[in-house]
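Scroll down for the structure; my scribbles are underneath it.
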Amino acid sequence: MGALVNLNNSPYYVHLDFFKMSAANLVVIGLMLVVFALAVYLRAPGAKRARRPK
Amino acid sequence: MSSWTVKLREFGMRKLPPEQLLPDSQPAYMTSAVYLFGALTIGSLVVLLLSGTILALKGPTWWHVQGLGHFFNSIHLWAVELFFFFMVCHLWGKYWMAAWRGGRARVWMSGVVCFLVAIPCAFTGYLSQQNFDSQWIATQGKDGLNSLGVGAFFNPLNFGQMYSYHVFLLPLAVVTLVGGHILLVRRHGIVPPIPLSEGDSARPA
Amino acid sequence: MRPARLTNAQLNDAARTYSGPYRHYDIVKEVIVCSGIVTLLAVVLTIVFSSPDLPPSTIKSWSRSLPADFVTTALSELDGSSATAGYGPPYNHNGSGQHIAFIYLQKWLGVSHPVNTAQDYVIQPLRSVPDQPRLQAAVTSYITASAGTQAGWTAAYTKALAKATASGTALAVPPGSYGPVGTMMTALLADAQTGGLDGDLLTSRQFYQTDFTKALLFMADGSALDDRAQAQHLLGTQWGMMNETGSYPGQVWLWLYTFWYQISPFTSSPNADALVAVIMGVLSLGLIIVPFLPGVRDLPRWIPIYRLIWRDWYAGTGGSPPGEPDGSAPPAPAAPG
């Protein structure tokens with residue numbers, strides 16, 4: 001089925017000594033770290049600053 | 001003679017009353033977006049189950065010969081990536097919150113077991129593709145399984161067996177474990193913040 | 001005044017109950033909205049990238065594109081020198097398989113899926129070829145010869161194959177004294193190139209079959225799958241376990257499993273698969289019991305990411321345990337929300 005971006009091609013790899021990872025996998029791992037960091041920084045929708053208990 | 005039904009109902013009500021099972025409030029410290037990863041993981045599982053059901057309705061060959069089939073296969077594959085993506089973020093969040101505190105060790109442990117059972121569920125899915133990728137994964141994966149004798153009863157080269165595991169047995173296991181994990185979360189409540197100790201400032205550095 | 005650094009037991013006690021304020025939260029809406037978000041993400045990713053579907057290799061395609069490799073592999077199945085022939089359980093008793101110290105699980109669990117490579121891949125398929133009396137006579141001649149004679153024929157043909165020339169789907173082997181092996185291999189190649197061998201290996205026992213063990217083991221003994229895998233960066237040395245064909249993301253969560261295969265001693269150990277599986281089993285168990293592992297369970301306190309996660313709460317309470325702004329004894333326990 002047609003895709004807007006064709007990923008059925010020869011992949012790009014990052015190669016350092018014995019470490020070899022595809023760009024696609026590195027993007028996924030990088031995104032996970034970014035999304036996690038953002039989530040730590042951001043508030044959930046609808047959440048306000050926690051009020052001081054009485 | 002006492003009723004088993006009444007005993008079961010009273011047990012359930014005692015362990016998890018309805019307002020605790022489906023609460024309409026949460027502790028005020030639940031403000032971070034990190035708390036969304038659990039629900040996003042459940043959402044990914046929902047998409048997996050729905051897309052997987054559609055693929056199962058039409059059989060394993062459909063997606064190779066019909067564009068609509070390939071569309072739902074793609075949704076299923078990307079939902080797998082999203083499932084593990086959000087589940088790992090959820091695991092990271094719960095680890096850095098030390099979410100096992102206060103008698104919640106079983107919550108953590110059941111969550112890790114969910115992760116570990118999801119991996120063979122995904123593995124059998126890759127084996128069920130009936131394309132080159134599944135041929136390669138089967139012929140490579142067999143060595144790891146055979147080395148511990150698992151290949152004697154779980155044969156990755158047997159498409160029928162792998163498809164059965166993937167479409168029924170392992171999703172049943174994953175859903176049961178995730179359900180148990182969620183019930184434990186509801187039973188214990190989300191973990192309170194770690195108290196700051198002497199010398200800590202209230203503001204993060 | 002804040003308490004001194006709490007012990008693990010004190011931390012657990014402090015977290016058992018919460019008596020502080022609550023806020024409105026719609027848990028059902030959260031799950032439904034999150035399902036909607038994931039659905040949207042999956043649909044967008046599908047529209048933009050679709051998914052890979054490289055067609056499978058068949059014995060027919062293998063024998064037509066790599067006839068020399070096919071015949072070499074078939075010969076190794078016949079003389080018992082192939083990887084499958086010497087694999088051991090669960091396929092045969094010709095090897096003891098992998099082990100860890102004195103534990104031979106592969107051997108102990110036995111042969112559950114018997115594969116006799118000479119019979120299954122060469123003799124039986126050739127026996128099923130009709131109306132070929134010369135071929136059947138050649139097969140009979142081979143079967144009834146002594147083991148030494150058979151070995152001599154197959155060794156001579158193996159040497160000749162190194163000088164064979166492939167032209168399209170045809171294979172020209174230099175003439176020599178190979179006994180019936182030359183006739184057998186020529187016929188097997190022809191059978192494979194018409195697709196007959198694919199069918200033979202699948203339906204050898206019954207009509208309805210879903211077990212592709214024999215066909216896949218045969219192809220894995222040759223180069224067809226390996227060559228395609230190398231082109232797609234799926235080999236073990238290429239961290240292939242976590243890769244997908246093309247430029248798609250793969251099984252990223254297998255990064256640690258494939259990592260071990262890249263370092264010594266696993267790169268050269270004959271028991272690498274068993275060793276790596278056990279290591280990952282131990283680490284998985286370790287992940288399950290994190291709450292009970294000193295050091296590992298304390299890391300979140302030493303690297304206080306939690307202070308960012310709960311920064312609003314700490315700013316509001318001054319950092320004291322929930323419900324205790326002045327650090328006094330906790331109130332009576334309340335049911336968790």
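Residues in the structure tokens are numbered from 1 in each chain, the chains being A, B, ... in the order shown, and ligands are numbered from 1 in the order shown.
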Find the residues in chain C near chain A: any atom within 7 Å counts, using only C-alpha atoms. Write them as an mmCIF file with N, CA and C atoms, in the first residue's frame.
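Final output, saved to part00.cif:
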data_model
loop_
_atom_site.group_PDB
_atom_site.id
_atom_site.type_symbol
_atom_site.label_atom_id
_atom_site.label_comp_id
_atom_site.auth_asym_id
_atom_site.auth_seq_id
_atom_site.Cartn_x
_atom_site.Cartn_y
_atom_site.Cartn_z
ATOM 1 N N GLY C 20 -4.219 13.670 52.570
ATOM 2 C CA GLY C 20 -4.212 15.049 52.099
ATOM 3 C C GLY C 20 -5.349 15.328 51.135
ATOM 4 N N PRO C 21 -5.278 16.472 50.450
ATOM 5 C CA PRO C 21 -6.371 16.875 49.554
ATOM 6 C C PRO C 21 -6.410 16.048 48.262
ATOM 7 N N ILE C 47 -0.396 6.143 7.566
ATOM 8 C CA ILE C 47 -0.550 6.895 6.321
ATOM 9 C C ILE C 47 0.808 7.384 5.818
ATOM 10 N N VAL C 48 1.650 7.832 6.753
ATOM 11 C CA VAL C 48 2.950 8.378 6.348
ATOM 12 C C VAL C 48 3.930 7.273 5.968
ATOM 13 N N PHE C 49 4.006 6.198 6.761
ATOM 14 C CA PHE C 49 5.078 5.219 6.580
ATOM 15 C C PHE C 49 4.617 3.829 6.139
ATOM 16 N N SER C 50 3.342 3.496 6.292
ATOM 17 C CA SER C 50 2.857 2.146 6.007
ATOM 18 C C SER C 50 3.673 1.122 6.814
ATOM 19 N N PRO C 52 6.393 -2.653 6.361
ATOM 20 C CA PRO C 52 7.157 -3.444 5.400
ATOM 21 C C PRO C 52 6.513 -4.807 5.154
ATOM 22 N N GLN C 238 25.109 -7.438 13.098
ATOM 23 C CA GLN C 238 24.599 -6.111 12.750
ATOM 24 C C GLN C 238 23.546 -5.643 13.760
ATOM 25 N N TRP C 239 23.530 -6.253 14.967
ATOM 26 C CA TRP C 239 22.510 -5.977 15.978
ATOM 27 C C TRP C 239 21.114 -6.248 15.379
ATOM 28 N N GLY C 246 14.212 -2.782 5.803
ATOM 29 C CA GLY C 246 14.154 -1.395 5.343
ATOM 30 C C GLY C 246 14.611 -0.441 6.431
ATOM 31 N N SER C 247 14.021 0.744 6.470
ATOM 32 C CA SER C 247 14.391 1.769 7.440
ATOM 33 C C SER C 247 13.345 1.893 8.537
ATOM 34 N N TYR C 248 12.559 0.860 8.762
ATOM 35 C CA TYR C 248 11.534 0.907 9.797
ATOM 36 C C TYR C 248 12.159 0.648 11.164
ATOM 37 N N PRO C 249 11.583 1.218 12.228
ATOM 38 C CA PRO C 249 12.053 0.843 13.566
ATOM 39 C C PRO C 249 11.657 -0.603 13.853
ATOM 40 N N GLY C 250 12.469 -1.277 14.629
ATOM 41 C CA GLY C 250 12.226 -2.690 14.875
ATOM 42 C C GLY C 250 11.821 -2.957 16.309
ATOM 43 N N VAL C 252 12.910 -2.531 19.339
ATOM 44 C CA VAL C 252 13.919 -1.747 20.058
ATOM 45 C C VAL C 252 14.131 -2.281 21.473
ATOM 46 N N GLN C 262 27.391 -9.088 21.016
ATOM 47 C CA GLN C 262 28.420 -8.273 20.369
ATOM 48 C C GLN C 262 29.745 -8.283 21.122
ATOM 49 N N LEU C 308 11.463 16.846 40.442
ATOM 50 C CA LEU C 308 10.896 17.552 39.294
ATOM 51 C C LEU C 308 9.448 17.129 39.078
ATOM 52 N N ILE C 309 9.206 15.820 39.225
ATOM 53 C CA ILE C 309 7.866 15.295 38.973
ATOM 54 C C ILE C 309 6.851 15.887 39.942
ATOM 55 N N ASP C 312 5.444 20.764 42.107
ATOM 56 C CA ASP C 312 4.293 21.568 42.526
ATOM 57 C C ASP C 312 3.896 21.222 43.953
ATOM 58 N N TRP C 313 3.871 19.930 44.231
ATOM 59 C CA TRP C 313 3.462 19.459 45.551
ATOM 60 C C TRP C 313 4.429 19.947 46.621
ATOM 61 N N GLY C 316 4.058 23.517 47.380
ATOM 62 C CA GLY C 316 2.858 23.817 48.160
ATOM 63 C C GLY C 316 2.955 23.364 49.600
ATOM 64 N N THR C 317 3.655 22.249 49.848
ATOM 65 C CA THR C 317 3.691 21.686 51.204
ATOM 66 C C THR C 317 4.996 21.989 51.925
ATOM 67 N N GLY C 323 -0.113 15.897 54.202
ATOM 68 C CA GLY C 323 -0.997 16.056 55.355
ATOM 69 C C GLY C 323 -0.251 16.464 56.617
#
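Near Gly160 of chain B, within 9 Å and counting only C-alpha atoms, sit B:Ser128, B:Ser164, B:Tyr165, C:Gln209, C:Thr210, C:Asp211; same-chain residues fewer than 4 positions away were not included.
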Please report the interatomic distance between atom CA of Phe71 of chain B and atom CA of Leu41 of chain C in Å with one decimal.
13.7 Å
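Proximity ranking of C:Ala118, C:Ile37, C:Val43, C:Ile305 relative to His76 of chain B places C:Val43 first, based on only C-alpha atoms.
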With only C-alpha atoms considered, list every residue of chain B at most 10 Å from chain A, as an MDAnalysis selection string.
chainID B and resid 27:37 63:71 74 81:82 85:86 88:90 92:93
Dump as a PDB file, in the first residue's frame, selection limited to C-alpha atoms:
ATOM      1  CA  PRO B  27      -4.643  12.837  45.231  1.00  0.00           C
ATOM      2  CA  ALA B  28      -3.712  16.458  44.650  1.00  0.00           C
ATOM      3  CA  TYR B  29      -0.070  15.549  44.000  1.00  0.00           C
ATOM      4  CA  MET B  30      -1.082  13.869  40.751  1.00  0.00           C
ATOM      5  CA  THR B  31      -0.267  16.806  38.476  1.00  0.00           C
ATOM      6  CA  SER B  32       2.641  15.671  36.335  1.00  0.00           C
ATOM      7  CA  ALA B  33       2.193  14.548  32.731  1.00  0.00           C
ATOM      8  CA  VAL B  34       4.255  11.469  33.673  1.00  0.00           C
ATOM      9  CA  TYR B  35       1.043  10.032  35.102  1.00  0.00           C
ATOM     10  CA  LEU B  36      -0.391   9.795  31.574  1.00  0.00           C
ATOM     11  CA  PHE B  37       1.999   7.079  30.396  1.00  0.00           C
ATOM     12  CA  TRP B  63      -2.902  -8.121   4.532  1.00  0.00           C
ATOM     13  CA  HIS B  64      -0.639  -9.418   1.777  1.00  0.00           C
ATOM     14  CA  VAL B  65      -3.301  -9.263  -0.908  1.00  0.00           C
ATOM     15  CA  GLN B  66      -5.609  -6.373   0.029  1.00  0.00           C
ATOM     16  CA  GLY B  67      -4.709  -2.719   0.538  1.00  0.00           C
ATOM     17  CA  LEU B  68      -7.216  -2.411   3.393  1.00  0.00           C
ATOM     18  CA  GLY B  69      -5.610  -5.412   5.046  1.00  0.00           C
ATOM     19  CA  HIS B  70      -2.189  -3.820   4.742  1.00  0.00           C
ATOM     20  CA  PHE B  71      -3.642  -0.642   6.269  1.00  0.00           C
ATOM     21  CA  SER B  74       0.311  -1.153   9.561  1.00  0.00           C
ATOM     22  CA  GLU B  81       5.849   0.405  18.683  1.00  0.00           C
ATOM     23  CA  LEU B  82       3.628   2.857  20.584  1.00  0.00           C
ATOM     24  CA  PHE B  85       7.232   3.225  23.745  1.00  0.00           C
ATOM     25  CA  PHE B  86       4.660   4.306  26.332  1.00  0.00           C
ATOM     26  CA  VAL B  88       8.901   1.906  28.857  1.00  0.00           C
ATOM     27  CA  CYS B  89       8.237   5.594  29.614  1.00  0.00           C
ATOM     28  CA  HIS B  90       5.694   4.408  32.223  1.00  0.00           C
ATOM     29  CA  TRP B  92      10.906   4.869  33.822  1.00  0.00           C
ATOM     30  CA  GLY B  93       8.400   7.172  35.537  1.00  0.00           C
TER      31      GLY B  93
END
I'd like the contact shell of segment 103-105 of chain C - 6 Å cut-off, only C-alpha atoms, skipping same-chain residues fewer than 3 positions apart - returned as a PyMOL selection string.
(chain B and resi 148-149) or (chain C and resi 99-100+108-109)
Would you save the residues from that selection as a compact mmCIF listing (two decimals), in the first residue's frame, using N, CA and C atoms?
# COMPACT_ATOMS: atom_id res chain seq x y z
N LEU B 148 17.75 -23.75 25.42
CA LEU B 148 17.25 -24.04 26.77
C LEU B 148 16.17 -25.12 26.73
N GLY B 149 16.07 -25.82 25.61
CA GLY B 149 15.10 -26.90 25.51
C GLY B 149 13.67 -26.44 25.26
N HIS C 99 24.79 -26.02 26.30
CA HIS C 99 24.67 -26.35 27.72
C HIS C 99 25.29 -25.24 28.55
N ILE C 100 24.92 -25.25 29.83
CA ILE C 100 25.57 -24.35 30.80
C ILE C 100 26.07 -25.24 31.91
N TRP C 108 18.26 -32.75 27.22
CA TRP C 108 17.34 -33.45 28.11
C TRP C 108 15.90 -33.37 27.62
N LEU C 109 15.51 -32.26 26.99
CA LEU C 109 14.13 -32.11 26.53
C LEU C 109 13.85 -32.94 25.27
Skipping near chain neighbours, those fewer than 2 positions away, what residues fall within 7 Å of Pro291 of chain C using only C-alpha atoms, listed as a PyMOL selection string?
(chain B and resi 100+105) or (chain C and resi 289+293+297)
List as a ChimeraX atom specification the protein and nucleic acid residues near Ala272 of chain C, meaning an atom at most 12 Å away when only C-alpha atoms are counted, but skip any in the same chain fewer than 6 places from it.
/B:143-148 /C:97-100,236,257-258,260-266,278-279
With N, CA and C atoms retained, could you export that selection as a PDB file, in the first residue's frame?
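Wrote it out as result26.pdb, contents follow:
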ATOM      1  N   ASP B 143      17.271 -20.757  17.740  1.00  0.00           N
ATOM      2  CA  ASP B 143      18.509 -21.153  18.426  1.00  0.00           C
ATOM      3  C   ASP B 143      18.474 -20.772  19.903  1.00  0.00           C
ATOM      4  N   GLY B 144      17.987 -19.580  20.193  1.00  0.00           N
ATOM      5  CA  GLY B 144      17.894 -19.168  21.596  1.00  0.00           C
ATOM      6  C   GLY B 144      16.926 -20.073  22.363  1.00  0.00           C
ATOM      7  N   LEU B 145      15.789 -20.366  21.750  1.00  0.00           N
ATOM      8  CA  LEU B 145      14.785 -21.209  22.407  1.00  0.00           C
ATOM      9  C   LEU B 145      15.267 -22.648  22.538  1.00  0.00           C
ATOM     10  N   ASN B 146      15.878 -23.177  21.467  1.00  0.00           N
ATOM     11  CA  ASN B 146      16.355 -24.561  21.502  1.00  0.00           C
ATOM     12  C   ASN B 146      17.461 -24.737  22.532  1.00  0.00           C
ATOM     13  N   SER B 147      18.276 -23.690  22.736  1.00  0.00           N
ATOM     14  CA  SER B 147      19.429 -23.825  23.640  1.00  0.00           C
ATOM     15  C   SER B 147      18.987 -24.145  25.070  1.00  0.00           C
ATOM     16  N   LEU B 148      17.751 -23.752  25.422  1.00  0.00           N
ATOM     17  CA  LEU B 148      17.249 -24.044  26.772  1.00  0.00           C
ATOM     18  C   LEU B 148      16.168 -25.119  26.734  1.00  0.00           C
TER      19      LEU B 148
ATOM     20  N   GLY C  97      23.834 -30.310  21.567  1.00  0.00           N
ATOM     21  CA  GLY C  97      23.253 -28.985  21.729  1.00  0.00           C
ATOM     22  C   GLY C  97      24.030 -28.141  22.714  1.00  0.00           C
ATOM     23  N   GLN C  98      23.454 -27.027  23.115  1.00  0.00           N
ATOM     24  CA  GLN C  98      24.133 -26.100  24.012  1.00  0.00           C
ATOM     25  C   GLN C  98      23.899 -26.502  25.461  1.00  0.00           C
ATOM     26  N   HIS C  99      24.791 -26.019  26.302  1.00  0.00           N
ATOM     27  CA  HIS C  99      24.666 -26.350  27.716  1.00  0.00           C
ATOM     28  C   HIS C  99      25.289 -25.244  28.553  1.00  0.00           C
ATOM     29  N   ILE C 100      24.919 -25.251  29.831  1.00  0.00           N
ATOM     30  CA  ILE C 100      25.567 -24.349  30.797  1.00  0.00           C
ATOM     31  C   ILE C 100      26.074 -25.243  31.906  1.00  0.00           C
ATOM     32  N   GLY C 236      23.118 -11.091  13.238  1.00  0.00           N
ATOM     33  CA  GLY C 236      23.461 -10.897  14.638  1.00  0.00           C
ATOM     34  C   GLY C 236      24.576  -9.882  14.817  1.00  0.00           C
ATOM     35  N   TYR C 257      19.209  -7.659  24.864  1.00  0.00           N
ATOM     36  CA  TYR C 257      19.355  -9.065  24.481  1.00  0.00           C
ATOM     37  C   TYR C 257      20.403  -9.210  23.385  1.00  0.00           C
ATOM     38  N   THR C 258      20.349  -8.334  22.375  1.00  0.00           N
ATOM     39  CA  THR C 258      21.294  -8.445  21.267  1.00  0.00           C
ATOM     40  C   THR C 258      22.674  -7.892  21.628  1.00  0.00           C
ATOM     41  N   TRP C 260      24.552  -8.496  24.210  1.00  0.00           N
ATOM     42  CA  TRP C 260      25.489  -9.504  24.710  1.00  0.00           C
ATOM     43  C   TRP C 260      26.200 -10.242  23.582  1.00  0.00           C
ATOM     44  N   TYR C 261      25.513 -10.421  22.456  1.00  0.00           N
ATOM     45  CA  TYR C 261      26.110 -11.151  21.330  1.00  0.00           C
ATOM     46  C   TYR C 261      27.247 -10.378  20.673  1.00  0.00           C
ATOM     47  N   GLN C 262      27.391  -9.088  21.016  1.00  0.00           N
ATOM     48  CA  GLN C 262      28.420  -8.273  20.369  1.00  0.00           C
ATOM     49  C   GLN C 262      29.745  -8.283  21.122  1.00  0.00           C
ATOM     50  N   ILE C 263      29.735  -8.831  22.361  1.00  0.00           N
ATOM     51  CA  ILE C 263      30.947  -8.756  23.182  1.00  0.00           C
ATOM     52  C   ILE C 263      31.454 -10.150  23.525  1.00  0.00           C
ATOM     53  N   SER C 264      32.722 -10.199  23.872  1.00  0.00           N
ATOM     54  CA  SER C 264      33.321 -11.438  24.301  1.00  0.00           C
ATOM     55  C   SER C 264      32.790 -11.798  25.684  1.00  0.00           C
ATOM     56  N   PRO C 265      32.612 -13.089  26.022  1.00  0.00           N
ATOM     57  CA  PRO C 265      32.952 -14.270  25.234  1.00  0.00           C
ATOM     58  C   PRO C 265      31.833 -14.752  24.322  1.00  0.00           C
ATOM     59  N   PHE C 266      30.717 -14.005  24.282  1.00  0.00           N
ATOM     60  CA  PHE C 266      29.552 -14.505  23.567  1.00  0.00           C
ATOM     61  C   PHE C 266      29.731 -14.501  22.061  1.00  0.00           C
ATOM     62  N   VAL C 278      20.148 -17.095  29.751  1.00  0.00           N
ATOM     63  CA  VAL C 278      20.183 -17.166  31.215  1.00  0.00           C
ATOM     64  C   VAL C 278      20.489 -15.799  31.816  1.00  0.00           C
ATOM     65  N   ILE C 279      21.422 -15.079  31.215  1.00  0.00           N
ATOM     66  CA  ILE C 279      21.745 -13.737  31.723  1.00  0.00           C
ATOM     67  C   ILE C 279      20.506 -12.853  31.677  1.00  0.00           C
TER      68      ILE C 279
END
Using only C-alpha atoms, which protein or nucleic acid residues come within 12 Å of Thr176 of chain B? Drop anything in the same chain fewer than 2 positions from it, and give the result as a count of residues only.
18
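Here atom CA of Ser44 of chain B and atom CA of His24 of chain C stand 24.7 Å from one another.
Minimum distance to chain C across B:Lys142, B:Lys7, B:Lys15, B:Arg101 (counting only C-alpha atoms) occurs at B:Arg101.
DSSP secondary structure from the backbone places Thr165, Ala166, Ser167, Ala170, Leu171 and Ala172 of chain C of segment 127-287 of chain C in strand (DSSP E).
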Those residues with N, CA and C atoms, as a short mmCIF file (atom, residue, chain, number, x, y, z; two decimals), in the first residue's frame please?
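Saved result, out10.cif, follows:
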data_model
loop_
_atom_site.label_atom_id
_atom_site.label_comp_id
_atom_site.auth_asym_id
_atom_site.auth_seq_id
_atom_site.Cartn_x
_atom_site.Cartn_y
_atom_site.Cartn_z
N THR C 165 29.77 -23.79 -12.77
CA THR C 165 29.40 -22.47 -13.27
C THR C 165 27.89 -22.40 -13.41
N ALA C 166 27.34 -21.31 -12.93
CA ALA C 166 25.89 -21.11 -13.01
C ALA C 166 25.58 -20.16 -14.15
N SER C 167 24.58 -20.53 -14.94
CA SER C 167 24.14 -19.67 -16.03
C SER C 167 22.64 -19.55 -15.92
N ALA C 170 20.53 -22.60 -14.64
CA ALA C 170 21.24 -23.85 -14.93
C ALA C 170 22.57 -23.90 -14.21
N LEU C 171 22.99 -25.13 -13.89
CA LEU C 171 24.26 -25.32 -13.19
C LEU C 171 25.09 -26.33 -13.96
N ALA C 172 26.30 -25.95 -14.34
CA ALA C 172 27.18 -26.86 -15.08
C ALA C 172 28.29 -27.31 -14.15
#
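With only C-alpha atoms as the atoms that count, the residue of B:Phe123, B:Phe168, B:Phe84, B:Phe154 with the shortest distance to Thr53 of chain B is B:Phe168.
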Please identify the helix (DSSP H, G or I) residues within chain A (assignment by DSSP from backbone atoms) and present them as a tab-separated table (two decimals) with N, CA and C atoms, in the first residue's frame.
chain	number	residue	atom	x	y	z
A	23	ALA	N	19.25	4.09	12.22
A	23	ALA	CA	18.79	5.45	12.50
A	23	ALA	C	17.36	5.42	13.03
A	24	ALA	N	16.54	4.51	12.48
A	24	ALA	CA	15.14	4.43	12.91
A	24	ALA	C	15.05	4.08	14.40
A	25	ASN	N	15.81	3.11	14.82
A	25	ASN	CA	15.78	2.72	16.23
A	25	ASN	C	16.33	3.82	17.12
A	26	LEU	N	17.38	4.50	16.66
A	26	LEU	CA	17.94	5.60	17.45
A	26	LEU	C	16.92	6.73	17.59
A	27	VAL	N	16.17	6.98	16.52
A	27	VAL	CA	15.13	8.01	16.58
A	27	VAL	C	14.09	7.63	17.63
A	28	VAL	N	13.69	6.36	17.66
A	28	VAL	CA	12.69	5.91	18.64
A	28	VAL	C	13.22	6.09	20.06
A	29	ILE	N	14.46	5.68	20.29
A	29	ILE	CA	15.04	5.81	21.64
A	29	ILE	C	15.17	7.28	22.00
A	30	GLY	N	15.64	8.08	21.07
A	30	GLY	CA	15.78	9.51	21.31
A	30	GLY	C	14.44	10.15	21.63
A	31	LEU	N	13.41	9.75	20.88
A	31	LEU	CA	12.06	10.30	21.11
A	31	LEU	C	11.56	9.91	22.50
A	32	MET	N	11.86	8.68	22.91
A	32	MET	CA	11.42	8.24	24.24
A	32	MET	C	12.03	9.12	25.31
A	33	LEU	N	13.32	9.42	25.17
A	33	LEU	CA	13.98	10.25	26.17
A	33	LEU	C	13.40	11.67	26.16
A	34	VAL	N	13.17	12.19	24.97
A	34	VAL	CA	12.62	13.55	24.85
A	34	VAL	C	11.21	13.61	25.44
A	35	VAL	N	10.38	12.62	25.06
A	35	VAL	CA	8.99	12.61	25.53
A	35	VAL	C	8.96	12.45	27.05
A	36	PHE	N	9.83	11.60	27.58
A	36	PHE	CA	9.87	11.41	29.04
A	36	PHE	C	10.28	12.70	29.73
A	37	ALA	N	11.32	13.34	29.20
A	37	ALA	CA	11.79	14.59	29.81
A	37	ALA	C	10.69	15.66	29.77
A	38	LEU	N	9.99	15.73	28.63
A	38	LEU	CA	8.89	16.69	28.51
A	38	LEU	C	7.80	16.39	29.53
A	39	ALA	N	7.48	15.10	29.68
A	39	ALA	CA	6.42	14.72	30.60
A	39	ALA	C	6.80	15.07	32.04
A	40	VAL	N	8.07	14.93	32.38
A	40	VAL	CA	8.52	15.31	33.73
A	40	VAL	C	8.33	16.80	33.94
A	41	TYR	N	8.56	17.56	32.87
A	41	TYR	CA	8.49	19.02	32.98
A	41	TYR	C	7.06	19.54	32.94
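Across the model, the gap from atom CA of Pro192 of chain B to atom CA of Tyr18 of chain C is 6.9 Å.
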Using only C-alpha atoms, determine which residues lie at most 12 Å from Gly125 of chain B, disregarding the query and same-chain residues fewer than 5 positions distant; provide the list as JSON, numbers by chain.
{"B": [48, 52, 55, 56, 60, 73, 76, 77, 80, 118, 119, 120, 130, 131, 133, 134, 137, 138, 156, 159, 160, 161, 162, 163, 164, 165, 166, 167, 168, 169, 170, 171], "C": [251]}
Store the residues of this selection in a file with C-alpha atoms, as a PDB file, in the first residue's frame.
ATOM      1  CA  LEU B  48      -3.679  -3.483  19.387  1.00  0.00           C
ATOM      2  CA  GLY B  52      -5.660  -7.427  15.872  1.00  0.00           C
ATOM      3  CA  LEU B  55      -6.794  -8.876  11.174  1.00  0.00           C
ATOM      4  CA  ALA B  56      -7.904 -12.136  12.824  1.00  0.00           C
ATOM      5  CA  PRO B  60      -3.343 -14.207   8.157  1.00  0.00           C
ATOM      6  CA  ASN B  73      -1.587  -4.448   9.562  1.00  0.00           C
ATOM      7  CA  HIS B  76      -1.244  -2.980  14.333  1.00  0.00           C
ATOM      8  CA  LEU B  77       2.536  -2.727  13.784  1.00  0.00           C
ATOM      9  CA  VAL B  80       3.141  -2.255  18.890  1.00  0.00           C
ATOM     10  CA  ALA B 118       4.346  -8.687  26.129  1.00  0.00           C
ATOM     11  CA  ILE B 119       7.750  -9.462  24.599  1.00  0.00           C
ATOM     12  CA  PRO B 120       6.934 -13.051  23.511  1.00  0.00           C
ATOM     13  CA  GLN B 130       4.261 -14.889   6.738  1.00  0.00           C
ATOM     14  CA  ASN B 131       6.916 -12.842   4.934  1.00  0.00           C
ATOM     15  CA  ASP B 133      10.992 -11.037   8.153  1.00  0.00           C
ATOM     16  CA  SER B 134       9.106 -13.868   9.838  1.00  0.00           C
ATOM     17  CA  ILE B 137      13.163 -14.223  12.881  1.00  0.00           C
ATOM     18  CA  ALA B 138      11.991 -17.849  13.088  1.00  0.00           C
ATOM     19  CA  PRO B 156       8.976 -20.790  16.105  1.00  0.00           C
ATOM     20  CA  PHE B 159       3.426 -21.037  11.834  1.00  0.00           C
ATOM     21  CA  GLY B 160       0.185 -22.584  13.076  1.00  0.00           C
ATOM     22  CA  GLN B 161       1.425 -22.843  16.639  1.00  0.00           C
ATOM     23  CA  MET B 162       2.890 -19.326  16.651  1.00  0.00           C
ATOM     24  CA  TYR B 163      -0.284 -17.847  15.171  1.00  0.00           C
ATOM     25  CA  SER B 164      -2.377 -19.555  17.865  1.00  0.00           C
ATOM     26  CA  TYR B 165      -0.131 -18.211  20.593  1.00  0.00           C
ATOM     27  CA  HIS B 166      -0.241 -14.736  19.096  1.00  0.00           C
ATOM     28  CA  VAL B 167      -3.947 -14.443  18.356  1.00  0.00           C
ATOM     29  CA  PHE B 168      -5.275 -16.050  21.527  1.00  0.00           C
ATOM     30  CA  LEU B 169      -2.999 -17.405  24.249  1.00  0.00           C
ATOM     31  CA  LEU B 170      -0.560 -14.554  24.758  1.00  0.00           C
ATOM     32  CA  PRO B 171      -3.069 -11.689  24.344  1.00  0.00           C
TER      33      PRO B 171
ATOM     34  CA  GLN C 251      12.010  -4.448  18.219  1.00  0.00           C
TER      35      GLN C 251
END
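Proximity ranking of B:Pro193, B:Gln129, B:Gly102, B:Gly141 relative to Ala15 of chain C places B:Gly102 first, based on only C-alpha atoms.
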